[in-house]
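One structure is given below, encoded as structure tokens.
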Amino acid sequence: MQEDQKPTAAPRVSFVSLGCPKALVDSERIVTRLRAEGYELARRHEGADVVVVNTCGFLDSAKAESLEAIGAALAENGKVIVTGCMGAEPEAISARFPDVLAITGPQQYETVVEAVHRAVAPAHDPFLDLVPEQGVKLTPRHYAYLKISEGCDNSCSFCIIPHLRGPLVSRPAADVLREAEKLVRAGVKELLVISQDTSAYGRDLRYAESPFRDRNVRTRFLDLAKELGELGAWVRLHYVYPYPHVDEVIALMAAGKVLPYLDIPFQHAAPNVLRAMKRPANEEKTLARIKSWRDACPDLALRSTFIVGFPGETEEDFETLLQWLDEAEIDRAGAFKYEPVAGAPANDLGLAPVPDEVKENRWKRFMEKQQQVSARLMKRKIGKRLHVIIDEAGGGPSGALAKGRTKADAPEIDGSAFVESRRPLRPGDVVSIKVERADAYDVYGSAT
């Protein structure tokens, strides 16, 4: 081969993905497109041909982390493309970093790829560059996020997601199901269904049908959950708002079709605060629905997020929240100290801000209360048999404990199961364990 006939080295892209799982799916789509065009992923900024930073812009602390990541990429590489939620307000980035090559908003996959092309042209060889049918995933092989819609139609006063990501845009059910099929064929054992508002899925399409296999499937939360439940993988539902039709999905959980797990962002329990947040404000009705769900599906695990220190929150409001936590028995809960977000309607409500020291005190009290609730619930698992999906290998001759998750635990945000096993356990294995002990967040047991 002559010198001028040697193939050029594949251009290398370093990628930073910040924020929520929905942003991670955006990153996966961009990376899949770049890999299909012959680009390689670099582990470090230094030496890469260009860096892509997928930002988060939900809170000021998230914006600060994004700006720090952009600055680090510029310092280590010099050629940086910015995308993601913070890209919806490009002036905040360009004012700080005028040397970035391009700035795009969330979900603008084509624009990001075009910017990469301008920075470094692809060197694609169709005989050498192979991308798996399911695309490139940034999660472990045995689980994957399945995004079913973009955007949001809600008008929560503390949130600017509709401004950043636009209104609800649902994917046709057949498109989602075909993607899920590919993932399961590729070895995915757990599908984590995500969107900004999973319960609202299909409303913008008037729940239109689309052809899948030998039938038509409605673009509707219940119908999609039913179909996903037939694929042979664990199906975990995230970001579910407690609309009335969620009750119908509980029956699928009781029947073992989808995991008995709901991630519902309740945010608070005091009626005054919920009204100011523009959230459903009847906490007694919510408690009654939670009870009815657990009556129908006793194994149901609930995870949620809450905000403490929202403007106007009184000590009485906060005590109402603590009492509600005790009664609702939320299995997994996290709390955020309220941060004012530029452009959020909450800034103009005229409500008194809660001092930082009070926010900190309430956050600590919330976490202490939730730890007590969680420990009480976890103690009930001792002696039971639970199914666990393995995330980290262990067992066998090594004697090391394998690490996994029960059906009540989503990756990275919930607890873990530590498993003793005579046989080696690998990531993706699903095993039955007998729980021998538990703490506030994790269980320990032996595989059977």
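Identifiers for the structure tokens are assigned positionally: chains receive A, B, ... in sequence, residues are indexed from 1 per chain, and ligands are indexed from 1 in the order shown.
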Which residues are near Leu205 of chain A? Cut-off 10 Å, only C-alpha atoms, ignore same chain within fewer than 4 positions. Put them as a ChimeraX atom specification. /A:168-172,201,209,218-220
Using only C-alpha atoms, what does the table of segment 170-232 of chain A residues within 9 Å of segment 19-36 of chain A look like, with each row giving the shortest atom pair and its distance in Å to one decimal, sorted by chain and ascending number, as CSV?
residue,atom,partner,partner_atom,distance
A:Ile194,CA,A:Lys22,CA,6.7
A:Ser195,CA,A:Lys22,CA,6.6
A:Gln196,CA,A:Lys22,CA,8.0
Output all heavy atoms for every residue in that selection, as a CSV table (one decimal), in the first residue's frame.
chain,number,residue,atom,x,y,z
A,194,ILE,N,-38.6,6.4,30.8
A,194,ILE,CA,-38.4,7.7,31.2
A,194,ILE,C,-39.1,8.7,30.3
A,194,ILE,O,-39.2,8.5,29.1
A,194,ILE,CB,-37.0,8.1,31.4
A,194,ILE,CG1,-36.2,7.9,30.1
A,194,ILE,CG2,-36.3,7.3,32.6
A,194,ILE,CD1,-34.8,8.5,30.2
A,195,SER,N,-39.4,9.9,30.8
A,195,SER,CA,-39.9,11.1,30.1
A,195,SER,C,-40.0,12.2,31.1
A,195,SER,O,-39.7,12.0,32.3
A,195,SER,CB,-41.2,10.8,29.4
A,195,SER,OG,-42.2,10.6,30.4
A,196,GLN,N,-40.5,13.3,30.7
A,196,GLN,CA,-40.7,14.4,31.7
A,196,GLN,C,-42.0,14.1,32.5
A,196,GLN,O,-42.1,14.4,33.6
A,196,GLN,CB,-40.8,15.7,31.0
A,196,GLN,CG,-39.5,16.3,30.5
A,196,GLN,CD,-38.4,16.5,31.5
A,196,GLN,OE1,-37.3,16.2,31.3
A,196,GLN,NE2,-38.8,16.9,32.7
Would you mind writing down, as a ChimeraX atom specification, each residue of segment 223-341 of chain A that DSSP on the backbone assigns to alpha helix (DSSP H)? /A:223-228,246-254,271-277,283-296,315-328
* Asked: Please, which residues of segment 209-340 of chain A, numbered as in this document, come out strand (DSSP E) from DSSP, as a list in words?
  -> Glu209, Ser210, Pro211, Phe212, Arg215, Asn216, Val217, Arg218, Trp234, Val235, Arg236, Leu237, Tyr261, Leu262, Asp263, Ala301, Leu302, Arg303, Ser304, Thr305, Phe306, Ile307, Val308, Arg332, Ala333, Gly334, Ala335, Phe336 and Lys337 of chain A
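Shell of Leu164 of chain A at 9 Å, with only C-alpha atoms counted and residues fewer than 4 places along the chain excluded, is Gly57, Phe58, Gly84, Cys85, Met86, Gly87, Ala88, Glu89, Gly105, Pro106, Gly151 and Ile160 of chain A.
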Selection export as a short mmCIF file (atom, residue, chain, number, x, y, z; two decimals), in the first residue's frame, atoms kept: N, CA, C and O atoms:
data_model
loop_
_atom_site.label_atom_id
_atom_site.label_comp_id
_atom_site.auth_asym_id
_atom_site.auth_seq_id
_atom_site.Cartn_x
_atom_site.Cartn_y
_atom_site.Cartn_z
N GLY A 57 -29.48 22.40 32.88
CA GLY A 57 -29.78 23.79 33.23
C GLY A 57 -30.96 23.94 34.14
O GLY A 57 -31.58 25.00 34.20
N PHE A 58 -31.30 22.87 34.88
CA PHE A 58 -32.52 22.89 35.69
C PHE A 58 -32.39 23.78 36.91
O PHE A 58 -33.28 24.55 37.24
N GLY A 84 -27.53 20.52 25.09
CA GLY A 84 -28.31 20.22 26.28
C GLY A 84 -29.16 21.37 26.76
O GLY A 84 -29.29 22.41 26.10
N CYS A 85 -29.73 21.21 27.95
CA CYS A 85 -30.72 22.17 28.46
C CYS A 85 -30.15 23.57 28.61
O CYS A 85 -30.84 24.55 28.33
N MET A 86 -28.92 23.69 29.05
CA MET A 86 -28.36 25.02 29.22
C MET A 86 -28.15 25.71 27.87
O MET A 86 -28.10 26.94 27.80
N GLY A 87 -28.05 24.91 26.82
CA GLY A 87 -27.91 25.48 25.49
C GLY A 87 -29.13 26.21 25.01
O GLY A 87 -29.08 26.93 24.01
N ALA A 88 -30.27 26.05 25.71
CA ALA A 88 -31.48 26.80 25.36
C ALA A 88 -31.32 28.28 25.68
O ALA A 88 -32.09 29.11 25.20
N GLU A 89 -30.33 28.63 26.49
CA GLU A 89 -30.02 30.03 26.81
C GLU A 89 -28.55 30.26 26.48
O GLU A 89 -27.70 30.38 27.38
N GLY A 105 -29.37 23.66 21.72
CA GLY A 105 -30.29 23.33 22.80
C GLY A 105 -30.52 21.84 22.91
O GLY A 105 -29.95 21.04 22.16
N PRO A 106 -31.38 21.42 23.84
CA PRO A 106 -31.66 19.98 24.04
C PRO A 106 -32.37 19.39 22.83
O PRO A 106 -33.12 20.07 22.12
N GLY A 151 -40.20 16.82 26.25
CA GLY A 151 -40.95 17.99 26.66
C GLY A 151 -42.00 17.72 27.72
O GLY A 151 -42.16 16.61 28.23
N ILE A 160 -38.51 25.17 34.86
CA ILE A 160 -38.38 25.79 33.54
C ILE A 160 -38.18 24.75 32.44
O ILE A 160 -37.79 25.08 31.33
#
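Distance check against Lys384 of chain A using only C-alpha atoms: of A:Arg437, A:Arg213, A:Arg185, A:Arg96, the minimum falls on A:Arg437.
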The residue from A:Val249, A:Ile389, A:Cys56, A:Leu138 with the smallest atom-to-atom distance to Arg165 of chain A, counting only C-alpha atoms, is A:Cys56
From the list A:Gly312, A:Gly343, A:Pro411, A:Gly334, the nearest residue to Pro355 of chain A using only C-alpha atoms is A:Gly312
Point to revise | Spatial neighbours of Ser199 of chain A, 9 Å, only C-alpha atoms, chain gap at least 4 places, as number ranges by chain | key: A: 220-222, 239-243, 245-246
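Within 12 Å of Tyr441 of chain A, once only C-alpha atoms are used and residues closer than 6 positions along the same chain are dropped, the contacting residues are Asp331, Arg332, Ala333, Gln370, Gln371, Gln372, Val373, Ser374, Ala375, Arg376, Leu377, Met378, Lys379, Lys381, Arg405, Thr406, Ala408, Asp409, Ile413, Asp414, Gly415, Ser416, Ala417 and Phe418 of chain A.
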Could you save the residues just selected, with C-alpha atoms, as a PDB file, in the first residue's frame?
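The result, stored in part-v3.pdb:
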ATOM      1  CA  ASP A 331     -39.929   3.569  50.232  1.00  0.00           C
ATOM      2  CA  ARG A 332     -37.285   5.798  48.655  1.00  0.00           C
ATOM      3  CA  ALA A 333     -37.284   9.576  48.905  1.00  0.00           C
ATOM      4  CA  GLN A 370     -37.117   9.488  55.728  1.00  0.00           C
ATOM      5  CA  GLN A 371     -34.265   7.363  57.060  1.00  0.00           C
ATOM      6  CA  GLN A 372     -36.503   6.278  59.951  1.00  0.00           C
ATOM      7  CA  VAL A 373     -39.325   5.412  57.538  1.00  0.00           C
ATOM      8  CA  SER A 374     -36.976   3.548  55.206  1.00  0.00           C
ATOM      9  CA  ALA A 375     -35.391   1.571  58.047  1.00  0.00           C
ATOM     10  CA  ARG A 376     -38.860   0.549  59.253  1.00  0.00           C
ATOM     11  CA  LEU A 377     -39.847  -0.652  55.790  1.00  0.00           C
ATOM     12  CA  MET A 378     -36.537  -2.404  55.142  1.00  0.00           C
ATOM     13  CA  LYS A 379     -36.804  -4.334  58.414  1.00  0.00           C
ATOM     14  CA  LYS A 381     -37.994  -7.500  54.229  1.00  0.00           C
ATOM     15  CA  ARG A 405     -30.842  -4.425  43.100  1.00  0.00           C
ATOM     16  CA  THR A 406     -34.265  -5.706  44.077  1.00  0.00           C
ATOM     17  CA  ALA A 408     -37.784  -1.911  44.542  1.00  0.00           C
ATOM     18  CA  ASP A 409     -34.495  -0.306  43.496  1.00  0.00           C
ATOM     19  CA  ILE A 413     -30.715   6.433  42.900  1.00  0.00           C
ATOM     20  CA  ASP A 414     -32.037   3.708  45.213  1.00  0.00           C
ATOM     21  CA  GLY A 415     -30.570   1.036  47.480  1.00  0.00           C
ATOM     22  CA  SER A 416     -28.549  -2.112  46.760  1.00  0.00           C
ATOM     23  CA  ALA A 417     -28.713  -5.819  47.477  1.00  0.00           C
ATOM     24  CA  PHE A 418     -25.491  -7.544  48.553  1.00  0.00           C
TER      25      PHE A 418
END
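From atom CA of His45 of chain A back to atom CA of Glu91 of chain A, the distance works out to 24.2 Å.
The gap separating atom CA of Leu183 of chain A from atom CA of Gly232 of chain A is 11.3 Å, in Å to one decimal.
If only C-alpha atoms are the atoms counted, then among A:Arg385, A:Lys285, A:Arg236, A:Arg215 the closest residue to Lys407 of chain A is A:Arg236.
Using only C-alpha atoms for every distance, the candidate list A:Lys189, A:Lys226, A:Arg294, A:Arg365 yields A:Lys226 as the residue closest to Ala173 of chain A.
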